[in-house]
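K.L.:
Structure supplied as upload_22.pdb; contents: PDB, C-alpha atoms, pLDDT in the B column.
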```pdb
MODEL        1
ATOM      1  CA  MET A 169    -107.200  84.719 105.266  1.00 97.00           C
ATOM      2  CA  ASN A 170    -108.078  81.081 105.747  1.00 97.00           C
ATOM      3  CA  LEU A 171    -107.746  80.779 109.514  1.00 98.00           C
ATOM      4  CA  ILE A 172    -108.832  82.995 112.391  1.00 98.00           C
ATOM      5  CA  VAL A 173    -107.241  82.610 115.794  1.00 98.00           C
ATOM      6  CA  THR A 174    -108.614  84.264 118.894  1.00 98.00           C
ATOM      7  CA  CYS A 175    -106.639  85.021 122.025  1.00 98.00           C
ATOM      8  CA  ASN A 176    -106.943  87.062 125.185  1.00 97.00           C
ATOM      9  CA  ARG A 177    -106.764  90.809 124.710  1.00 96.00           C
ATOM     10  CA  HIS A 178    -103.251  92.244 124.608  1.00 95.00           C
ATOM     11  CA  LEU A 179    -101.683  88.804 124.060  1.00 97.00           C
ATOM     12  CA  GLU A 180    -101.879  88.963 120.262  1.00 98.00           C
ATOM     13  CA  GLU A 181     -98.095  89.032 119.826  1.00 97.00           C
ATOM     14  CA  GLU A 182     -97.600  85.906 121.970  1.00 98.00           C
ATOM     15  CA  ALA A 183    -100.467  84.106 120.199  1.00 98.00           C
ATOM     16  CA  SER A 184     -99.027  85.090 116.797  1.00 98.00           C
ATOM     17  CA  ASN A 185     -95.664  83.584 117.735  1.00 97.00           C
ATOM     18  CA  GLU A 186     -97.405  80.450 119.008  1.00 97.00           C
ATOM     19  CA  ILE A 187     -99.405  79.870 115.797  1.00 97.00           C
ATOM     20  CA  LEU A 188     -96.314  80.694 113.721  1.00 97.00           C
ATOM     21  CA  LYS A 189     -94.391  77.873 115.436  1.00 96.00           C
ATOM     22  CA  ILE A 190     -97.305  75.466 114.985  1.00 96.00           C
ATOM     23  CA  LEU A 191     -97.641  76.229 111.271  1.00 97.00           C
ATOM     24  CA  TYR A 192     -93.871  76.052 110.771  1.00 97.00           C
ATOM     25  CA  ASN A 193     -93.821  72.588 112.391  1.00 96.00           C
ATOM     26  CA  LEU A 194     -96.684  71.508 110.112  1.00 97.00           C
ATOM     27  CA  GLY A 195     -94.751  72.572 107.012  1.00 97.00           C
ATOM     28  CA  ASP A 196     -95.724  76.178 106.256  1.00 97.00           C
ATOM     29  CA  ILE A 197     -92.511  78.139 106.616  1.00 95.00           C
ATOM     30  CA  SER A 198     -93.951  81.499 105.624  1.00 96.00           C
ATOM     31  CA  PRO A 199     -97.604  81.949 106.648  1.00 98.00           C
ATOM     32  CA  MET A 200     -99.027  85.472 106.585  1.00 98.00           C
ATOM     33  CA  ILE A 201    -100.028  86.321 110.150  1.00 98.00           C
ATOM     34  CA  GLU A 202    -101.745  89.608 110.850  1.00 98.00           C
ATOM     35  CA  ILE A 203    -102.853  91.021 114.165  1.00 97.00           C
ATOM     36  CA  SER A 204    -106.194  92.589 113.311  1.00 97.00           C
ATOM     37  CA  SER A 205    -107.392  95.942 114.533  1.00 96.00           C
ATOM     38  CA  PHE A 206    -109.878  94.023 116.717  1.00 97.00           C
ATOM     39  CA  SER A 207    -108.463  93.088 120.085  1.00 96.00           C
ATOM     40  CA  GLY A 208    -107.879  89.356 120.470  1.00 97.00           C
ATOM     41  CA  ILE A 209    -108.211  88.504 116.757  1.00 98.00           C
ATOM     42  CA  ILE A 210    -105.426  87.230 114.508  1.00 98.00           C
ATOM     43  CA  THR A 211    -105.921  86.398 110.836  1.00 98.00           C
ATOM     44  CA  ILE A 212    -103.731  83.882 109.058  1.00 98.00           C
ATOM     45  CA  THR A 213    -103.181  82.886 105.462  1.00 98.00           C
ATOM     46  CA  THR A 214    -101.460  79.522 105.255  1.00 98.00           C
ATOM     47  CA  ILE A 215    -100.645  77.235 102.351  1.00 98.00           C
ATOM     48  CA  LEU A 216    -101.923  74.353 104.478  1.00 98.00           C
ATOM     49  CA  ASP A 217    -105.521  73.144 104.568  1.00 97.00           C
ATOM     50  CA  PRO A 218    -107.023  75.020 107.541  1.00 97.00           C
ATOM     51  CA  LEU A 219    -109.162  71.998 108.511  1.00 96.00           C
ATOM     52  CA  ALA A 220    -106.036  69.819 108.584  1.00 97.00           C
ATOM     53  CA  VAL A 221    -104.282  72.455 110.711  1.00 97.00           C
ATOM     54  CA  VAL A 222    -107.157  72.420 113.205  1.00 97.00           C
ATOM     55  CA  ASN A 223    -107.065  68.606 113.353  1.00 96.00           C
ATOM     56  CA  GLU A 224    -103.323  68.672 114.037  1.00 96.00           C
ATOM     57  CA  ILE A 225    -103.854  71.259 116.781  1.00 96.00           C
ATOM     58  CA  LYS A 226    -106.465  68.958 118.370  1.00 95.00           C
ATOM     59  CA  LYS A 227    -103.949  66.098 118.386  1.00 95.00           C
ATOM     60  CA  LYS A 228    -101.315  68.393 119.892  1.00 93.00           C
ATOM     61  CA  ILE A 229    -103.662  69.451 122.700  1.00 93.00           C
ATOM     62  CA  LEU A 230    -104.602  65.830 123.427  1.00 91.00           C
ATOM     63  CA  ASP A 231    -100.900  64.875 123.629  1.00 92.00           C
ATOM     64  CA  GLU A 232     -99.704  67.948 125.530  1.00 90.00           C
ATOM     65  CA  PRO A 233    -102.681  69.936 126.866  1.00 86.00           C
ATOM     66  CA  TRP A 234    -100.639  72.927 128.042  1.00 86.00           C
ATOM     67  CA  CYS A 235     -98.398  73.299 124.974  1.00 89.00           C
ATOM     68  CA  ILE A 236    -100.811  75.894 123.559  1.00 94.00           C
ATOM     69  CA  ARG A 237    -100.967  78.723 126.060  1.00 95.00           C
ATOM     70  CA  PHE A 238    -102.052  81.856 124.194  1.00 97.00           C
ATOM     71  CA  CYS A 239    -104.307  80.807 121.306  1.00 97.00           C
ATOM     72  CA  ARG A 240    -107.910  80.265 122.390  1.00 97.00           C
ATOM     73  CA  ARG A 241    -109.952  79.351 119.315  1.00 97.00           C
ATOM     74  CA  PHE A 242    -109.006  78.205 115.825  1.00 98.00           C
ATOM     75  CA  ILE A 243    -111.640  78.891 113.150  1.00 98.00           C
ATOM     76  CA  PRO A 244    -111.053  77.579 109.604  1.00 98.00           C
ATOM     77  CA  ILE A 245    -112.210  79.980 106.885  1.00 98.00           C
ATOM     78  CA  GLN A 246    -113.219  78.580 103.495  1.00 98.00           C
ATOM     79  CA  GLU A 247    -113.712  81.886 101.682  1.00 98.00           C
ATOM     80  CA  THR A 248    -113.062  85.580 102.239  1.00 98.00           C
ATOM     81  CA  THR A 249    -115.339  88.242 100.793  1.00 98.00           C
ATOM     82  CA  LYS A 250    -116.377  91.875 101.118  1.00 98.00           C
ATOM     83  CA  THR A 251    -118.685  92.740 103.988  1.00 98.00           C
ATOM     84  CA  THR A 252    -121.936  93.211 102.120  1.00 97.00           C
ATOM     85  CA  ILE A 253    -125.088  91.155 102.565  1.00 97.00           C
ATOM     86  CA  GLU A 254    -124.988  90.038  98.920  1.00 97.00           C
ATOM     87  CA  SER A 255    -121.296  89.048  98.993  1.00 98.00           C
ATOM     88  CA  ILE A 256    -121.679  87.112 102.235  1.00 98.00           C
ATOM     89  CA  ALA A 257    -124.758  85.221 100.995  1.00 98.00           C
ATOM     90  CA  SER A 258    -122.997  84.402  97.716  1.00 97.00           C
ATOM     91  CA  SER A 259    -119.881  83.216  99.555  1.00 98.00           C
ATOM     92  CA  VAL A 260    -121.891  80.869 101.771  1.00 98.00           C
ATOM     93  CA  GLN A 261    -123.797  79.605  98.712  1.00 97.00           C
ATOM     94  CA  ASN A 262    -120.444  78.403  97.296  1.00 96.00           C
ATOM     95  CA  HIS A 263    -120.050  75.959 100.201  1.00 96.00           C
ATOM     96  CA  ILE A 264    -123.507  74.669 101.166  1.00 96.00           C
ATOM     97  CA  ASN A 265    -123.409  71.863  98.593  1.00 95.00           C
ATOM     98  CA  ILE A 266    -121.576  69.840 101.248  1.00 95.00           C
ATOM     99  CA  MET A 267    -124.877  69.431 103.124  1.00 97.00           C
ATOM    100  CA  ASN A 268    -127.055  66.378 102.524  1.00 96.00           C
ATOM    101  CA  PRO A 269    -130.798  66.998 102.096  1.00 95.00           C
ATOM    102  CA  ASN A 270    -131.650  65.682 105.586  1.00 96.00           C
ATOM    103  CA  ASP A 271    -128.866  67.568 107.376  1.00 97.00           C
ATOM    104  CA  THR A 272    -129.698  70.409 109.747  1.00 97.00           C
ATOM    105  CA  TYR A 273    -127.786  73.644 110.118  1.00 97.00           C
ATOM    106  CA  ARG A 274    -127.431  76.813 112.110  1.00 97.00           C
ATOM    107  CA  ILE A 275    -125.935  80.161 111.189  1.00 98.00           C
ATOM    108  CA  THR A 276    -123.404  81.730 113.557  1.00 97.00           C
ATOM    109  CA  ILE A 277    -122.407  85.341 113.035  1.00 97.00           C
ATOM    110  CA  GLU A 278    -119.486  86.990 114.834  1.00 97.00           C
ATOM    111  CA  LYS A 279    -119.645  90.677 113.958  1.00 97.00           C
ATOM    112  CA  ARG A 280    -116.842  93.149 114.637  1.00 97.00           C
ATOM    113  CA  GLY A 281    -116.516  96.612 113.178  1.00 96.00           C
ATOM    114  CA  SER A 282    -119.658  96.510 111.065  1.00 96.00           C
ATOM    115  CA  ASP A 283    -123.139  97.868 111.412  1.00 95.00           C
ATOM    116  CA  LEU A 284    -124.697  95.300 109.083  1.00 96.00           C
ATOM    117  CA  SER A 285    -127.840  93.820 110.586  1.00 96.00           C
ATOM    118  CA  SER A 286    -127.192  90.257 111.781  1.00 96.00           C
ATOM    119  CA  LYS A 287    -130.828  89.417 111.097  1.00 97.00           C
ATOM    120  CA  GLU A 288    -130.567  90.636 107.495  1.00 97.00           C
ATOM    121  CA  VAL A 289    -127.377  88.624 106.947  1.00 97.00           C
ATOM    122  CA  ILE A 290    -128.998  85.492 108.417  1.00 97.00           C
ATOM    123  CA  ASP A 291    -132.156  85.973 106.331  1.00 97.00           C
ATOM    124  CA  SER A 292    -130.159  86.421 103.109  1.00 97.00           C
ATOM    125  CA  ILE A 293    -128.196  83.228 103.781  1.00 98.00           C
ATOM    126  CA  ALA A 294    -131.144  81.126 105.010  1.00 97.00           C
ATOM    127  CA  LYS A 295    -133.358  81.855 102.005  1.00 96.00           C
ATOM    128  CA  ASN A 296    -130.868  79.936  99.824  1.00 93.00           C
ATOM    129  CA  ILE A 297    -130.649  76.851 102.047  1.00 96.00           C
ATOM    130  CA  GLN A 298    -133.410  74.256 101.779  1.00 95.00           C
ATOM    131  CA  ASN A 299    -132.340  72.255 104.848  1.00 96.00           C
ATOM    132  CA  LYS A 300    -133.994  72.518 108.246  1.00 96.00           C
ATOM    133  CA  VAL A 301    -132.630  74.867 110.884  1.00 96.00           C
ATOM    134  CA  SER A 302    -131.673  73.473 114.280  1.00 96.00           C
ATOM    135  CA  LEU A 303    -130.009  75.831 116.724  1.00 93.00           C
ATOM    136  CA  GLU A 304    -129.023  73.155 119.246  1.00 93.00           C
ATOM    137  CA  LYS A 305    -128.601  69.813 117.433  1.00 94.00           C
ATOM    138  CA  PHE A 306    -127.223  70.758 114.032  1.00 97.00           C
ATOM    139  CA  ASP A 307    -125.113  68.879 111.502  1.00 97.00           C
ATOM    140  CA  TRP A 308    -123.539  71.982 109.962  1.00 98.00           C
ATOM    141  CA  ASN A 309    -122.623  75.397 111.291  1.00 98.00           C
ATOM    142  CA  VAL A 310    -122.592  78.212 108.743  1.00 98.00           C
ATOM    143  CA  ILE A 311    -119.894  80.510 110.121  1.00 98.00           C
ATOM    144  CA  VAL A 312    -119.804  84.198 109.237  1.00 98.00           C
ATOM    145  CA  GLU A 313    -116.847  86.076 110.744  1.00 98.00           C
ATOM    146  CA  ILE A 314    -117.224  89.795 110.012  1.00 98.00           C
ATOM    147  CA  LEU A 315    -114.030  91.804 110.569  1.00 98.00           C
ATOM    148  CA  GLY A 316    -114.821  95.316 109.382  1.00 97.00           C
ATOM    149  CA  GLY A 317    -114.793  95.401 105.586  1.00 97.00           C
ATOM    150  CA  THR A 318    -113.695  91.768 105.230  1.00 98.00           C
ATOM    151  CA  THR A 319    -115.753  88.692 106.043  1.00 98.00           C
ATOM    152  CA  GLY A 320    -114.719  85.058 106.302  1.00 98.00           C
ATOM    153  CA  THR A 321    -117.287  82.329 105.695  1.00 98.00           C
ATOM    154  CA  SER A 322    -117.291  78.578 106.273  1.00 98.00           C
ATOM    155  CA  VAL A 323    -119.698  75.664 106.431  1.00 98.00           C
ATOM    156  CA  LEU A 324    -118.294  73.431 109.160  1.00 98.00           C
ATOM    157  CA  LYS A 325    -119.087  70.556 111.480  1.00 96.00           C
ATOM    158  CA  GLU A 326    -119.221  71.548 115.138  1.00 90.00           C
ATOM    159  CA  ASN A 327    -115.874  69.891 115.899  1.00 93.00           C
ATOM    160  CA  ASP A 328    -114.079  71.726 113.041  1.00 96.00           C
ATOM    161  CA  ILE A 329    -113.599  74.723 115.342  1.00 96.00           C
ATOM    162  CA  VAL A 330    -111.217  74.172 118.227  1.00 96.00           C
ATOM    163  CA  SER A 331    -111.555  75.854 121.578  1.00 95.00           C
ATOM    164  CA  THR A 332    -108.389  75.148 123.535  1.00 94.00           C
ATOM    165  CA  LEU A 333    -110.079  76.012 126.832  1.00 90.00           C
ATOM    166  CA  LYS A 334    -112.975  73.633 126.182  1.00 91.00           C
ATOM    167  CA  MET A 335    -110.651  70.810 125.116  1.00 89.00           C
ATOM    168  CA  LYS A 336    -108.455  71.266 128.177  1.00 84.00           C
ATOM    169  CA  ARG A 337    -111.501  71.383 130.449  1.00 86.00           C
ATOM    170  CA  ASP A 338    -112.879  68.189 128.883  1.00 85.00           C
ATOM    171  CA  LEU A 339    -109.526  66.459 129.399  1.00 80.00           C
ATOM    172  CA  THR A 340    -109.534  67.196 133.127  1.00 79.00           C
ATOM    173  CA  GLU A 341    -113.071  65.880 133.707  1.00 72.00           C
TER
ENDMDL
END
```
How does this structure look as structure tokens?

P.N.:
Amino acid sequence: MNLIVTCNRHLEEEASNEILKILYNLGDISPMIEISSFSGIITITTILDPLAVVNEIKKKILDEPWCIRFCRRFIPIQETTKTTIESIASSVQNHINIMNPNDTYRITIEKRGSDLSSKEVIDSIAKNIQNKVSLEKFDWNVIVEILGGTTGTSVLKENDIVSTLKMKRDLTE
């Protein structure tokens, strides 16, 4: 998985068809799209760069705000790993070199189907990052998406995740 898409509960099929059309139009004719066992969560494996996909989706929303009706959030995933504290910390470690020494960061954990302690996961990640933490004004967001036994991790800028509702709301203001 290198992209997570969220949608409203019970609209996973419609959202899957919507992201399939988007990816097809961007050049991936056979992405792997899986409706997860968690309501409102779809995982995707695409041959395309997930950050480039998110940027194209942003452009699409700016051009035609209501062309995306079912997909709510698009979260690029840089690496997938097992859901253990050690594996997650190691996975994040593979991507933090993108941060400059003066950059700030926060860690965001979305946990579904796991009883791992969020605090323990955060502590295991943070001990390997020398940068300062800033929960409100951060340069980088360390994303940990726990989906049962599989976890996706990314180190992203705030605007690398797209919320269609937020973008549409901002356009109408």

K.L.:
Looking at A:Val330, A:Leu315, A:Cys175, A:Ala257, which one is nearest to Asn296 of chain A, with distances taken over all atoms listed in the file?

P.N.:
A:Ala257

K.L.:
Pick out the closest residue to Lys300 of chain A from this set: A:Met267, A:Val260, A:Ile236, A:Ile243. Count all atoms listed in the file.

P.N.:
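Closest residue, counting all atoms listed in the file: A:Met267.
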
K.L.:
Take the PyMOL selection byres ((chain A and resi 339) around 12), run it mentally on this structure, and tell me the resulting residues as a ChimeraX atom specification.

P.N.:
/A:226,229-234,332-338,340-341

K.L.:
Given the file above and the PyMOL selection byres ((chain A and resi 263) around 10), which residues are selected, and can you give them as a list in words?

P.N.:
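Listing what the PyMOL selection byres ((chain A and resi 263) around 10) selects in the shown file: Gln246, Glu247, Ser258, Ser259, Val260, Gln261, Asn262, Ile264, Asn265, Ile266, Met267, Val310, Thr321, Ser322, Val323 and Leu324 of chain A.
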
K.L.:
Near segment 197-199 of chain A, counting all atoms listed in the file, which residues have an atom at most 6 Å away, once you skip same-chain residues fewer than 3 positions from it, shown as an mmCIF file with C-alpha atoms, in the frame of the given file?

P.N.:
```cif
data_model
loop_
_atom_site.group_PDB
_atom_site.id
_atom_site.type_symbol
_atom_site.label_atom_id
_atom_site.label_comp_id
_atom_site.auth_asym_id
_atom_site.auth_seq_id
_atom_site.Cartn_x
_atom_site.Cartn_y
_atom_site.Cartn_z
ATOM 1 C CA TYR A 192 -93.871 76.052 110.771
ATOM 2 C CA THR A 213 -103.181 82.886 105.462
ATOM 3 C CA THR A 214 -101.460 79.522 105.255
#
```

K.L.:
Would you pick out the contacts of His178 of chain A at 7 Å or less, using all atoms listed in the file, so that residues sharing its chain but fewer than 2 positions from it are not included, and give the list as a list of chain:residue names?

P.N.:
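My reading of the contact set: A:Asn176, A:Glu180, A:Ser207, A:Gly208.
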
K.L.:
If the PyMOL selection byres ((chain A and resi 177) around 12) were run on this exact file, what residues would it hold? Put them as a PyMOL selection string.

P.N.:
chain A and resi 174-176+178-183+203-210+238-240

K.L.:
Name the residues in contact with Asn268 of chain A at a cut-off of 10 Å, using all atoms listed in the file, excluding same-chain residues fewer than 3 positions from it; report them as an MDAnalysis selection string.

P.N.:
chainID A and resid 264:265 271:272 299 307:308

K.L.:
Identify, on the basis of all atoms listed in the file, every residue whose closest approach to segment 281-292 of chain A does not exceed 7 Å; exclude the query and any residue fewer than 2 positions from it along the same chain; express the result as a list in words.

P.N.:
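Near segment 281-292 of chain A, the qualifying residues are Ile253, Ala257, Ile275, Ile277, Lys279, Ala294, Lys295, Leu315 and Gly316 of chain A.
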
K.L.:
Atom CA of Ile329 of chain A and atom CA of Ile172 of chain A are how many Å apart?

P.N.:
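Atom CA of Ile329 of chain A sits 10.0 Å away from atom CA of Ile172 of chain A.
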
K.L.:
Which is closer to Asn309 of chain A than all the others in A:Leu171, A:Asn327, A:Arg274, A:Ile245, using only C-alpha atoms?

P.N.:
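Residue with the minimum atom-to-atom distance to Asn309 of chain A: A:Arg274.
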
K.L.:
Rounded to one decimal in Å, what is the spacing between atom CA of Lys228 of chain A and atom CA of Ser184 of chain A?

P.N.:
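Atom CA of Lys228 of chain A sits 17.1 Å away from atom CA of Ser184 of chain A.
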